[in-house]
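In what follows, a structure is listed as structure tokens, so that the remarks can point back to it.
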Amino acid sequence: MRLLRVATCNLNQWAMDFDANARNVKESISRAKAAGAAVRVGPELELTGYGCEDHFLEQDTTAHAWECLKDILTGDYTDNILCSIGMPVIFNSVRYNCQVFCLNRKIIMIRPKMSLANDGNYREFRWFSAWTFKDEIVDFQLPIEVSEAISQDTVPFGYGYMRFLDVSLAAETCEELFTANAPRIDLALNGVEVFMNASGSHHQLRKLNLRIDSIRNATQACGGVYMYANQQGCDGGRLYYVNGDLVAQGSQFSLKDVEVLDALVDLDAVSSYRASVSSFREQASHRKNVPFVKVPYKLCQSFQNGMIPTRPIEIMYHCPEEEIAFGPSCWLWDYLRRSQASGFLLPLSGGADSSSVAAIVGCMCQLVIKDIEKGDEQVKADALRIGQYKDGEIPTDSRDLAKRIFYTVYMGTENSSEDTRSRAKRLAEEIGSFHLNVPIDSIVSAFLSLFETLTGKRPRYKVDGGSNTENLGLQNIQARIRMVLAFMMASLMPWVQSKSGFYLVLGSSNVDEGLRGYLTKYDCSSADINPIGSVSKQDLRAFLRWAAIHLKYSSLAEVEAAPPTAELEPIRADYNQLDEVDMGMTYEELSIYGRLRKIFRCGPVSMFQNLCHSWCGRLSPSEVADKVKHFFKYYSINRHKMTVLTPSYHAESYSPEDNRFDLRQFLYNSRWPYQFRKINELVQEMEKDGKWETSAKGQLQAQAGAQGSGMGVVAVGSANPSAGTIDEVAVMKARCGAAQ
């Protein structure tokens with residue numbers, strides 16, 4: 001029995017913070033060695049941090065990575081342990097994303113990444129080139145400072161594997177796990193038994209199952225031990241990185257800087273499995289040879305009494321509500337402690353979105369206290385500094401911590417209801433935030449008086465006889481005043497309370513409002529960061545129901561049940577402003593439009609065709625056409641708002657965020673003349689001679705007998721988002737599940 005103890009290290013790295021990154025790498029190696037591991041793998045580009053972006057173009061970034069690696073190699077860190085360390089490497093004037101394999105203070109091999117991630121949030125081709133030479137391993141001349149320090153001139157560089165005396169190991173890097181023609185296939189046929197994947201894979205709702213399934217499939221098809229290490233935490237951008245593997249599973253969401261998982265694996269079991277599969281044997285006997293590096297060293301242990309290989313475990317999956325709670329909470333904590341801010345300030349309206357953000361901050365405080373109770377000294381030190389505890393005080397209560405680092409402000413006007421005011425106050429009390437009730441009517445009145453002095457006119461609301469232009473202008477004044485006041489209070493309230501530092505303003509617009517443009521440019525959607533900017537309204541409502549119970553913020557149940565309203569227009573006996581009426585579509589419809597537009601790359605015509613099938617029997621082609629045109633009209637009119645969208649935690653695959661994820665123009669012909677004309681032609685063709693009614697009737701009868709709730713449109717203000725939902729296209733459901 002050949003036994004090998006391996007360790008995967010999930011590190012909370014920070015882009016360009018070389019001191020902290022190198023310290024985490026060293027700590028992880030030390031912990032792996034203490035556990036008896038002979039092989040250690042860390043996350044992708046761990047010395048620099050994955051999110052350096054255009055800093056990768058600077059020679060300094062690569063030079064500093066080499067300096068950090070030299071520091072590691074000149075110590076005893078790599079003694080008797082094979083370490084994969086991720087960093088950029090420049091070879092023949094070309095920059096590669098590499099894993100550098102080190103053992104006993106020498107570099108054994110450098111493996112450049114062969115398949116780069118270049119879609120969605122990723123732009124690796126902007127900074128790196130893919131290694132395309134599969135037939136040879138070449139010599140790489142080490143930088144002179146490194147060469148002199150470790151007495152080694154060159155190192156093998158390229159695609160291949162390491163053949164030790166008792167085991168063969170090879171690398172895959174992040175994206176290569178998901179490619180169709182993955183390197184591990186040829187490597188496995190050449191006898192490689194251990195695969196080391198250094199990854200920088202971000203969190204997205206419902207994505208962990210895809211990652212786990214890919215790892216499972218990698219080993220089921222070819223056999224082998226698959227080590228998967230990921231970046232963890234916020235490294236300075238919109239993404240939050242998570243972890244999860246099979247034999248030993250790390251926490252998907254964690255405040256820790258270093259997490260090391262070790263397992264004892266039986267490599268003879270790998271050989272036995274492969275030899276039992278006839279098709280594998282046949283393919284291996286006709287394999288294409290892959291280059292390798294010989295290493296005259298043993299990594300495995302022989303069987304001894306008491307040594308038991310680590311048993312497989314059942315994977316822990318978080319539900320989406322838990323992901324919304326824990327992912328943004330950890331992201332906010334990383335951002336807070338690294339920005340040197342003293343806390344957060346949130347304009348809390350008592351509605352679903354701002355209440356969700358408040359609950360996430362409350363969850364963050366709960367996580368911090370739990371980690372302090374578990375003895376995490378780094379979290380404790382950060383909490384003491386940020387909360388400005390003095391005289392030996394220690395954070396022991398999440399509500400007390402929230403009181404120190406979290407301001408909530410209800411900025412009401414004459415249009416605000418007592419219901420939202422009281423909900424905001426009760427939620428603030430449950431969380432423990434320092435809460436203020438700030439009426440802003442006098443400020444609104446001052447603006448209007450100034451405008452009247454300048455123009456001789458005073459705008460009126462629509463319910464009072466004003467035009468749409470006046471009505472919109474009056475709403476925007478209130479919204480923008482709140483933004484200005486929020487930033488003023490965030491900068492000055494610490495001073496008022498004799499505290500040092502400043503507070504970060506939190507935004508609270510959701511992904512659906514961004515997609516539709518249902519927000520005022522430079523209102524409270526404009527903030528420093530936004531933890532829910534890529535979360536859908538439907539998911540937020542489910543989160544509120546979950547948080548009311550599991551976070552013990554009972555007032556959230558009432559928040560969730562209330563119909564969404566901006567409360568920017570006067571309330572009358574016969575009129576109450578509602579979001580879905582204002583938008584002309586439900587939030588559920590918005591999610592469907594968003595997925596079709598982004599995930600399935602539908603323009604107006606193909607979206608119309610998809611929805612005609614999906615909504616057949618409920619809506620006529622002309623009604624579907626009206627809905628599609630209405631969405632694209634307002635999407636295109638408001639697209640410019642995405643260019644100034646607050647940096648948001650990335651959680652949803654149809655986010656319209658313009659900075660990197662959803663790159664499109666922001667000036668459109670909002671009439672879409674060609675596309676809408678094509679839709680009109682299709683409607684005429686479908687509805688002529690009554691053929692549509694016959695087809696719709698048959699499909700409706702079939703749907704009535706099928707499982708599901710039908711395709712009725714959600715009623716405005718419905719407290720139950722699952723009642724009468726709009727079914728998506730069947731194929732869309734299947735593909736969407738795979739995409740996430």
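Numbering starts fresh at 1 for the residues of each chain in the structure tokens, the chains themselves are lettered A, B, ... in the order given, and ligands are numbered from 1 as they appear.
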Inset, instruction - Could you please write out, as a ChimeraX atom specification, every residue of region 506-559 of chain A that DSSP assigns to helix (DSSP H, G or I)? - result: /A:511-516,537-550,555-559
Using the selection just defined, write its residues with N, CA, C and O atoms as a compact mmCIF listing (two decimals), in the first residue's frame.
```
# COMPACT_ATOMS: atom_id res chain seq x y z
N VAL A 511 -30.01 43.23 -8.65
CA VAL A 511 -29.61 43.02 -10.04
C VAL A 511 -30.75 43.31 -11.01
O VAL A 511 -30.53 43.81 -12.12
N ASP A 512 -31.99 43.04 -10.60
CA ASP A 512 -33.13 43.26 -11.50
C ASP A 512 -33.38 44.74 -11.72
O ASP A 512 -33.71 45.17 -12.83
N GLU A 513 -33.24 45.54 -10.66
CA GLU A 513 -33.41 46.99 -10.82
C GLU A 513 -32.32 47.55 -11.72
O GLU A 513 -32.57 48.47 -12.52
N GLY A 514 -31.11 47.02 -11.60
CA GLY A 514 -30.04 47.47 -12.48
C GLY A 514 -30.33 47.13 -13.93
O GLY A 514 -30.12 47.94 -14.83
N LEU A 515 -30.81 45.92 -14.16
CA LEU A 515 -31.13 45.47 -15.51
C LEU A 515 -32.19 46.36 -16.16
O LEU A 515 -32.07 46.75 -17.32
N ARG A 516 -33.21 46.69 -15.42
CA ARG A 516 -34.31 47.52 -15.92
C ARG A 516 -33.98 49.00 -15.87
O ARG A 516 -34.60 49.83 -16.55
N LYS A 537 -34.24 39.93 -7.06
CA LYS A 537 -35.28 40.25 -6.08
C LYS A 537 -35.91 38.98 -5.53
O LYS A 537 -36.20 38.90 -4.33
N GLN A 538 -36.11 37.99 -6.38
CA GLN A 538 -36.72 36.76 -5.91
C GLN A 538 -35.82 36.06 -4.89
O GLN A 538 -36.29 35.56 -3.86
N ASP A 539 -34.51 36.02 -5.15
CA ASP A 539 -33.59 35.42 -4.20
C ASP A 539 -33.52 36.22 -2.91
O ASP A 539 -33.39 35.65 -1.82
N LEU A 540 -33.61 37.53 -3.00
CA LEU A 540 -33.58 38.36 -1.80
C LEU A 540 -34.81 38.12 -0.93
O LEU A 540 -34.72 38.09 0.30
N ARG A 541 -35.95 37.94 -1.55
CA ARG A 541 -37.16 37.68 -0.76
C ARG A 541 -37.04 36.34 -0.04
O ARG A 541 -37.43 36.21 1.13
N ALA A 542 -36.49 35.35 -0.72
CA ALA A 542 -36.27 34.06 -0.06
C ALA A 542 -35.26 34.20 1.08
O ALA A 542 -35.41 33.59 2.15
N PHE A 543 -34.22 35.02 0.86
CA PHE A 543 -33.24 35.26 1.90
C PHE A 543 -33.87 35.92 3.12
O PHE A 543 -33.55 35.58 4.27
N LEU A 544 -34.75 36.90 2.90
CA LEU A 544 -35.41 37.57 4.03
C LEU A 544 -36.20 36.60 4.88
O LEU A 544 -36.18 36.67 6.12
N ARG A 545 -36.90 35.67 4.23
CA ARG A 545 -37.66 34.67 4.98
C ARG A 545 -36.71 33.79 5.79
O ARG A 545 -36.99 33.45 6.94
N TRP A 546 -35.59 33.41 5.17
CA TRP A 546 -34.60 32.58 5.86
C TRP A 546 -33.98 33.34 7.03
O TRP A 546 -33.84 32.80 8.14
N ALA A 547 -33.60 34.59 6.80
CA ALA A 547 -32.90 35.37 7.82
C ALA A 547 -33.79 35.70 9.01
O ALA A 547 -33.30 35.82 10.14
N ALA A 548 -35.08 35.84 8.76
CA ALA A 548 -36.01 36.11 9.87
C ALA A 548 -35.94 35.01 10.91
O ALA A 548 -36.06 35.26 12.12
N ILE A 549 -35.68 33.79 10.46
CA ILE A 549 -35.63 32.63 11.36
C ILE A 549 -34.20 32.36 11.82
O ILE A 549 -33.91 32.29 13.01
N HIS A 550 -33.29 32.22 10.87
CA HIS A 550 -31.95 31.72 11.19
C HIS A 550 -31.01 32.79 11.73
O HIS A 550 -30.09 32.47 12.49
N SER A 555 -38.29 40.82 12.35
CA SER A 555 -38.98 41.89 11.61
C SER A 555 -38.85 41.71 10.10
O SER A 555 -39.63 42.29 9.33
N LEU A 556 -37.88 40.90 9.66
CA LEU A 556 -37.70 40.70 8.22
C LEU A 556 -38.88 39.98 7.58
O LEU A 556 -39.12 40.13 6.38
N ALA A 557 -39.61 39.19 8.35
CA ALA A 557 -40.79 38.52 7.80
C ALA A 557 -41.82 39.54 7.34
O ALA A 557 -42.44 39.39 6.28
N GLU A 558 -41.99 40.60 8.12
CA GLU A 558 -42.93 41.66 7.73
C GLU A 558 -42.39 42.45 6.54
O GLU A 558 -43.15 42.86 5.66
N VAL A 559 -41.06 42.66 6.51
CA VAL A 559 -40.46 43.36 5.38
C VAL A 559 -40.71 42.58 4.09
O VAL A 559 -41.10 43.15 3.06
```
Inset, instruction - Please provide the set of residues having any atom within 10 Å of Glu53 (chain A), restricted to only C-alpha atoms, with same-chain residues fewer than 4 positions apart removed, written as a PyMOL selection string. - result: chain A and resi 15+49+57+122-124+126-127+237
Inset, instruction - Fewer than 5 positions away in the same chain doesn't count, so skip those; otherwise give me all residues within 10 Å of Arg597 (chain A), counting only C-alpha atoms, as a PyMOL selection string. - result: chain A and resi 591-592+602-604+606-607+632+654+656
Output N, CA, C and O atoms for every residue in the selection just made, as a tab-separated table (two decimals), in the first residue's frame.
```
chain	number	residue	atom	x	y	z
A	591	SER	N	-36.27	38.73	-14.06
A	591	SER	CA	-35.26	37.67	-13.96
A	591	SER	C	-35.22	36.82	-15.22
A	591	SER	O	-34.16	36.42	-15.69
A	592	ILE	N	-36.40	36.55	-15.78
A	592	ILE	CA	-36.47	35.76	-17.01
A	592	ILE	C	-35.85	36.52	-18.18
A	592	ILE	O	-35.04	35.98	-18.94
A	602	CYS	N	-29.88	36.22	-26.00
A	602	CYS	CA	-31.04	36.53	-26.84
A	602	CYS	C	-31.16	38.03	-27.10
A	602	CYS	O	-31.12	38.82	-26.15
A	603	GLY	N	-31.31	38.39	-28.37
A	603	GLY	CA	-31.74	39.73	-28.71
A	603	GLY	C	-33.25	39.80	-28.66
A	603	GLY	O	-33.93	38.84	-28.28
A	604	PRO	N	-33.85	40.93	-29.05
A	604	PRO	CA	-35.30	41.07	-28.97
A	604	PRO	C	-36.07	39.98	-29.72
A	604	PRO	O	-37.05	39.44	-29.19
A	606	SER	N	-35.15	36.80	-30.79
A	606	SER	CA	-35.05	35.45	-30.23
A	606	SER	C	-35.68	35.38	-28.84
A	606	SER	O	-36.22	34.33	-28.46
A	607	MET	N	-35.65	36.46	-28.07
A	607	MET	CA	-36.34	36.46	-26.78
A	607	MET	C	-37.85	36.33	-27.00
A	607	MET	O	-38.53	35.57	-26.28
A	632	PHE	N	-37.01	45.84	-23.59
A	632	PHE	CA	-35.84	46.32	-24.32
A	632	PHE	C	-35.83	47.84	-24.45
A	632	PHE	O	-34.76	48.45	-24.49
A	654	TYR	N	-26.59	36.66	-14.61
A	654	TYR	CA	-27.13	37.59	-15.61
A	654	TYR	C	-26.95	39.05	-15.18
A	654	TYR	O	-27.68	39.94	-15.60
A	656	PRO	N	-25.99	42.80	-15.08
A	656	PRO	CA	-25.74	43.77	-16.16
A	656	PRO	C	-24.56	44.69	-15.88
A	656	PRO	O	-24.40	45.70	-16.54
```
Legend entry - Shell around Glu136 (chain A) at 9 Å using only C-alpha atoms, local window under 3 positions removed, as an MDAnalysis selection string: chainID A and resid 133 157:160 290:292
Saved selection, atoms kept: all heavy atoms, as a short mmCIF file (atom, residue, chain, number, x, y, z; two decimals), in the first residue's frame:
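Contents of selection.cif, freshly written:
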```cif
data_model
loop_
_atom_site.label_atom_id
_atom_site.label_comp_id
_atom_site.auth_asym_id
_atom_site.auth_seq_id
_atom_site.Cartn_x
_atom_site.Cartn_y
_atom_site.Cartn_z
N PHE A 133 2.74 24.57 -26.45
CA PHE A 133 3.70 23.56 -26.88
C PHE A 133 3.57 22.32 -25.99
O PHE A 133 4.00 22.33 -24.84
CB PHE A 133 5.12 24.12 -26.82
CG PHE A 133 5.29 25.41 -27.57
CD1 PHE A 133 5.30 26.62 -26.87
CD2 PHE A 133 5.39 25.43 -28.94
CE1 PHE A 133 5.43 27.81 -27.55
CE2 PHE A 133 5.54 26.62 -29.63
CZ PHE A 133 5.55 27.82 -28.94
N PHE A 157 10.61 23.78 -18.02
CA PHE A 157 9.46 24.68 -18.18
C PHE A 157 8.56 24.13 -19.28
O PHE A 157 9.03 23.83 -20.38
CB PHE A 157 9.96 26.08 -18.56
CG PHE A 157 8.89 27.14 -18.65
CD1 PHE A 157 8.73 28.05 -17.62
CD2 PHE A 157 8.06 27.25 -19.76
CE1 PHE A 157 7.77 29.05 -17.70
CE2 PHE A 157 7.10 28.24 -19.85
CZ PHE A 157 6.95 29.14 -18.81
N GLY A 158 7.26 23.98 -19.00
CA GLY A 158 6.33 23.55 -20.04
C GLY A 158 5.29 22.57 -19.52
O GLY A 158 5.11 22.38 -18.31
N TYR A 159 4.62 21.93 -20.47
CA TYR A 159 3.58 20.95 -20.16
C TYR A 159 4.21 19.57 -19.98
O TYR A 159 4.98 19.11 -20.83
CB TYR A 159 2.56 20.91 -21.30
CG TYR A 159 1.63 19.72 -21.27
CD1 TYR A 159 0.72 19.55 -20.23
CD2 TYR A 159 1.65 18.78 -22.29
CE1 TYR A 159 -0.15 18.47 -20.22
CE2 TYR A 159 0.79 17.69 -22.30
CZ TYR A 159 -0.10 17.54 -21.25
OH TYR A 159 -0.96 16.47 -21.23
N GLY A 160 3.89 18.95 -18.89
CA GLY A 160 4.41 17.63 -18.60
C GLY A 160 4.07 17.23 -17.19
O GLY A 160 3.20 17.83 -16.56
N VAL A 290 3.61 11.89 -23.00
CA VAL A 290 3.70 13.25 -22.48
C VAL A 290 5.07 13.43 -21.84
O VAL A 290 5.54 12.53 -21.12
CB VAL A 290 2.58 13.52 -21.44
CG1 VAL A 290 2.75 14.89 -20.80
CG2 VAL A 290 1.21 13.39 -22.09
N PRO A 291 5.73 14.56 -22.09
CA PRO A 291 7.06 14.78 -21.49
C PRO A 291 6.99 14.75 -19.96
O PRO A 291 5.96 15.08 -19.36
CB PRO A 291 7.46 16.17 -21.99
CG PRO A 291 6.59 16.43 -23.18
CD PRO A 291 5.32 15.69 -22.94
N PHE A 292 8.10 14.38 -19.33
CA PHE A 292 8.13 14.34 -17.87
C PHE A 292 9.50 14.72 -17.35
O PHE A 292 10.50 14.72 -18.09
CB PHE A 292 7.72 12.97 -17.34
CG PHE A 292 8.61 11.84 -17.76
CD1 PHE A 292 9.74 11.49 -17.01
CD2 PHE A 292 8.32 11.11 -18.92
CE1 PHE A 292 10.56 10.45 -17.41
CE2 PHE A 292 9.15 10.07 -19.31
CZ PHE A 292 10.27 9.74 -18.57
#
```
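The list of residues with at least one atom within 10 Å of His640 (chain A), based on only C-alpha atoms and without residues fewer than 6 positions apart in the same chain, reads Gly517, Lys521, Asp658, Gln665, Phe666, Leu667 and Tyr668 of chain A.
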Take the residues from that selection and write them out as a compact mmCIF listing (two decimals), in the first residue's frame, keeping N, CA and C atoms.
```txt
# COMPACT_ATOMS: atom_id res chain seq x y z
N GLY A 517 -32.96 49.35 -15.07
CA GLY A 517 -32.65 50.76 -14.87
C GLY A 517 -33.62 51.44 -13.94
N LYS A 521 -30.07 57.69 -11.07
CA LYS A 521 -28.62 57.84 -11.18
C LYS A 521 -28.12 58.77 -10.08
N ASP A 658 -21.46 46.76 -15.92
CA ASP A 658 -20.80 47.20 -17.15
C ASP A 658 -19.28 47.19 -17.07
N GLN A 665 -22.65 48.50 -25.30
CA GLN A 665 -22.75 49.94 -25.46
C GLN A 665 -23.72 50.51 -24.43
N PHE A 666 -23.62 51.82 -24.19
CA PHE A 666 -24.59 52.45 -23.29
C PHE A 666 -25.42 53.52 -23.99
N LEU A 667 -25.26 53.67 -25.30
CA LEU A 667 -26.15 54.53 -26.09
C LEU A 667 -26.80 53.67 -27.16
N TYR A 668 -28.12 53.51 -27.06
CA TYR A 668 -28.88 52.67 -27.96
C TYR A 668 -29.92 53.49 -28.72
```
Inset, instruction - Can you pull out every residue within 12 Å of Gln378 (chain A), counting only C-alpha atoms, but drop anything in the same chain fewer than 2 positions away, and send it as an MDAnalysis selection string? - result: chainID A and resid 255:258 334 337 368 371:372 374:376 380:385
Legend entry - Between CA of Arg2 (chain A) and CA of Glu193 (chain A) - distance in Å to one decimal: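 Between these atoms lies a distance of 11.5 Å.
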Inset, instruction - Name the residues of region 64-150 of chain A that come out as strand (DSSP E or B) in a backbone DSSP run; write them as a PyMOL selection string. - result: chain A and resi 82-91+94-103+106-112+138-141
Put those residues in a file: N, CA and C atoms, as a PDB file, in the first residue's frame.
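out28.pdb was written with the following content:
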```pdb
ATOM      1  N   LEU A  82       6.814  18.685  -1.373  1.00  0.00           N
ATOM      2  CA  LEU A  82       6.651  19.235  -2.720  1.00  0.00           C
ATOM      3  C   LEU A  82       5.582  20.318  -2.669  1.00  0.00           C
ATOM      4  N   CYS A  83       5.956  21.527  -3.035  1.00  0.00           N
ATOM      5  CA  CYS A  83       5.028  22.665  -2.956  1.00  0.00           C
ATOM      6  C   CYS A  83       4.749  23.226  -4.344  1.00  0.00           C
ATOM      7  N   SER A  84       3.479  23.364  -4.664  1.00  0.00           N
ATOM      8  CA  SER A  84       3.070  24.107  -5.853  1.00  0.00           C
ATOM      9  C   SER A  84       2.758  25.531  -5.419  1.00  0.00           C
ATOM     10  N   ILE A  85       3.442  26.507  -6.023  1.00  0.00           N
ATOM     11  CA  ILE A  85       3.265  27.915  -5.660  1.00  0.00           C
ATOM     12  C   ILE A  85       2.910  28.690  -6.929  1.00  0.00           C
ATOM     13  N   GLY A  86       1.789  29.397  -6.896  1.00  0.00           N
ATOM     14  CA  GLY A  86       1.287  30.089  -8.086  1.00  0.00           C
ATOM     15  C   GLY A  86       1.834  31.495  -8.218  1.00  0.00           C
ATOM     16  N   MET A  87       2.300  31.839  -9.436  1.00  0.00           N
ATOM     17  CA  MET A  87       2.866  33.169  -9.690  1.00  0.00           C
ATOM     18  C   MET A  87       2.993  33.402 -11.193  1.00  0.00           C
ATOM     19  N   PRO A  88       3.093  34.653 -11.623  1.00  0.00           N
ATOM     20  CA  PRO A  88       3.362  34.929 -13.035  1.00  0.00           C
ATOM     21  C   PRO A  88       4.846  34.733 -13.340  1.00  0.00           C
ATOM     22  N   VAL A  89       5.134  34.254 -14.555  1.00  0.00           N
ATOM     23  CA  VAL A  89       6.517  34.043 -14.995  1.00  0.00           C
ATOM     24  C   VAL A  89       6.643  34.552 -16.430  1.00  0.00           C
ATOM     25  N   ILE A  90       7.704  35.290 -16.707  1.00  0.00           N
ATOM     26  CA  ILE A  90       7.964  35.778 -18.068  1.00  0.00           C
ATOM     27  C   ILE A  90       9.059  34.921 -18.691  1.00  0.00           C
ATOM     28  N   PHE A  91       8.729  34.303 -19.840  1.00  0.00           N
ATOM     29  CA  PHE A  91       9.673  33.434 -20.551  1.00  0.00           C
ATOM     30  C   PHE A  91       9.732  33.869 -22.008  1.00  0.00           C
ATOM     31  N   VAL A  94       7.343  36.580 -22.964  1.00  0.00           N
ATOM     32  CA  VAL A  94       5.914  36.252 -22.907  1.00  0.00           C
ATOM     33  C   VAL A  94       5.555  35.934 -21.456  1.00  0.00           C
ATOM     34  N   ARG A  95       4.441  36.481 -20.995  1.00  0.00           N
ATOM     35  CA  ARG A  95       4.026  36.299 -19.607  1.00  0.00           C
ATOM     36  C   ARG A  95       3.062  35.121 -19.502  1.00  0.00           C
ATOM     37  N   TYR A  96       3.356  34.219 -18.572  1.00  0.00           N
ATOM     38  CA  TYR A  96       2.525  33.033 -18.355  1.00  0.00           C
ATOM     39  C   TYR A  96       2.037  32.978 -16.905  1.00  0.00           C
ATOM     40  N   ASN A  97       0.872  32.408 -16.744  1.00  0.00           N
ATOM     41  CA  ASN A  97       0.283  32.122 -15.434  1.00  0.00           C
ATOM     42  C   ASN A  97       0.768  30.727 -15.033  1.00  0.00           C
ATOM     43  N   CYS A  98       1.583  30.635 -13.986  1.00  0.00           N
ATOM     44  CA  CYS A  98       2.321  29.388 -13.745  1.00  0.00           C
ATOM     45  C   CYS A  98       2.111  28.822 -12.342  1.00  0.00           C
ATOM     46  N   GLN A  99       2.311  27.502 -12.279  1.00  0.00           N
ATOM     47  CA  GLN A  99       2.563  26.833 -11.011  1.00  0.00           C
ATOM     48  C   GLN A  99       4.042  26.484 -10.971  1.00  0.00           C
ATOM     49  N   VAL A 100       4.704  26.881  -9.891  1.00  0.00           N
ATOM     50  CA  VAL A 100       6.126  26.610  -9.711  1.00  0.00           C
ATOM     51  C   VAL A 100       6.255  25.526  -8.643  1.00  0.00           C
ATOM     52  N   PHE A 101       6.851  24.390  -9.015  1.00  0.00           N
ATOM     53  CA  PHE A 101       6.968  23.254  -8.106  1.00  0.00           C
ATOM     54  C   PHE A 101       8.345  23.267  -7.434  1.00  0.00           C
ATOM     55  N   CYS A 102       8.316  23.282  -6.112  1.00  0.00           N
ATOM     56  CA  CYS A 102       9.549  23.412  -5.336  1.00  0.00           C
ATOM     57  C   CYS A 102       9.680  22.251  -4.352  1.00  0.00           C
ATOM     58  N   LEU A 103      10.903  21.799  -4.169  1.00  0.00           N
ATOM     59  CA  LEU A 103      11.190  20.717  -3.221  1.00  0.00           C
ATOM     60  C   LEU A 103      12.625  20.858  -2.741  1.00  0.00           C
ATOM     61  N   LYS A 106      14.851  23.713  -3.986  1.00  0.00           N
ATOM     62  CA  LYS A 106      15.103  23.776  -5.426  1.00  0.00           C
ATOM     63  C   LYS A 106      13.765  23.885  -6.161  1.00  0.00           C
ATOM     64  N   ILE A 107      13.834  24.365  -7.411  1.00  0.00           N
ATOM     65  CA  ILE A 107      12.647  24.398  -8.266  1.00  0.00           C
ATOM     66  C   ILE A 107      12.702  23.176  -9.171  1.00  0.00           C
ATOM     67  N   ILE A 108      11.685  22.331  -9.079  1.00  0.00           N
ATOM     68  CA  ILE A 108      11.656  21.073  -9.833  1.00  0.00           C
ATOM     69  C   ILE A 108      11.144  21.293 -11.252  1.00  0.00           C
ATOM     70  N   MET A 109      10.126  22.157 -11.380  1.00  0.00           N
ATOM     71  CA  MET A 109       9.483  22.329 -12.683  1.00  0.00           C
ATOM     72  C   MET A 109       8.589  23.566 -12.622  1.00  0.00           C
ATOM     73  N   ILE A 110       8.420  24.222 -13.759  1.00  0.00           N
ATOM     74  CA  ILE A 110       7.453  25.319 -13.880  1.00  0.00           C
ATOM     75  C   ILE A 110       6.428  24.918 -14.935  1.00  0.00           C
ATOM     76  N   ARG A 111       5.177  24.909 -14.544  1.00  0.00           N
ATOM     77  CA  ARG A 111       4.095  24.492 -15.453  1.00  0.00           C
ATOM     78  C   ARG A 111       3.215  25.698 -15.802  1.00  0.00           C
ATOM     79  N   PRO A 112       3.304  26.220 -17.053  1.00  0.00           N
ATOM     80  CA  PRO A 112       2.457  27.344 -17.467  1.00  0.00           C
ATOM     81  C   PRO A 112       1.029  26.877 -17.776  1.00  0.00           C
ATOM     82  N   VAL A 138      11.111  22.664 -22.039  1.00  0.00           N
ATOM     83  CA  VAL A 138      12.297  23.448 -22.376  1.00  0.00           C
ATOM     84  C   VAL A 138      12.975  23.935 -21.095  1.00  0.00           C
ATOM     85  N   ASP A 139      14.191  24.457 -21.249  1.00  0.00           N
ATOM     86  CA  ASP A 139      14.927  24.995 -20.108  1.00  0.00           C
ATOM     87  C   ASP A 139      14.587  26.473 -19.914  1.00  0.00           C
ATOM     88  N   PHE A 140      14.327  26.823 -18.685  1.00  0.00           N
ATOM     89  CA  PHE A 140      14.052  28.217 -18.318  1.00  0.00           C
ATOM     90  C   PHE A 140      15.203  28.729 -17.468  1.00  0.00           C
ATOM     91  N   GLN A 141      15.791  29.837 -17.893  1.00  0.00           N
ATOM     92  CA  GLN A 141      16.886  30.443 -17.143  1.00  0.00           C
ATOM     93  C   GLN A 141      16.320  31.239 -15.972  1.00  0.00           C
TER      94      GLN A 141
END
```
Can you list every residue of region 441-541 of chain A that has an atom at most 7 Å from region 343-360 of chain A, with its nearest atom pair and the distance in Å to one decimal, using only C-alpha atoms, ordered by chain then number, as a Markdown table?
```
| residue | atom | partner | partner_atom | distance |
| --- | --- | --- | --- | --- |
| A:Ala486 | CA | A:Pro347 | CA | 6.7 |
| A:Ala490 | CA | A:Leu345 | CA | 6.0 |
| A:Tyr503 | CA | A:Gly343 | CA | 4.8 |
| A:Leu504 | CA | A:Phe344 | CA | 4.7 |
| A:Val505 | CA | A:Leu345 | CA | 4.8 |
| A:Leu506 | CA | A:Leu346 | CA | 5.2 |
| A:Ser508 | CA | A:Ser354 | CA | 5.2 |
| A:Ser509 | CA | A:Asp353 | CA | 6.5 |
| A:Asn510 | CA | A:Asp353 | CA | 6.9 |
| A:Pro531 | CA | A:Val357 | CA | 6.7 |
| A:Ile532 | CA | A:Val357 | CA | 6.9 |
| A:Leu540 | CA | A:Ser356 | CA | 6.9 |
```
Inset, instruction - Skip Ala130 (chain A) itself and residues of its chain fewer than 5 positions away, then list as a list in words all residues within 7 Å of it, counting only C-alpha atoms. - result: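 Near Ala130 (chain A), the qualifying residues are Tyr96, Lys113, Met114, Ser115 and Leu116 of chain A.
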Restricting the output to C-alpha atoms, write the selected residues as a PDB file, in the first residue's frame.
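The resulting file, out19.pdb, is shown below:
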```
ATOM      1  CA  TYR A  96       2.525  33.033 -18.355  1.00  0.00           C
ATOM      2  CA  LYS A 113      -1.336  27.452 -17.802  1.00  0.00           C
ATOM      3  CA  MET A 114      -2.610  26.120 -21.136  1.00  0.00           C
ATOM      4  CA  SER A 115      -6.294  27.123 -21.119  1.00  0.00           C
ATOM      5  CA  LEU A 116      -6.979  30.680 -20.015  1.00  0.00           C
TER       6      LEU A 116
END
```
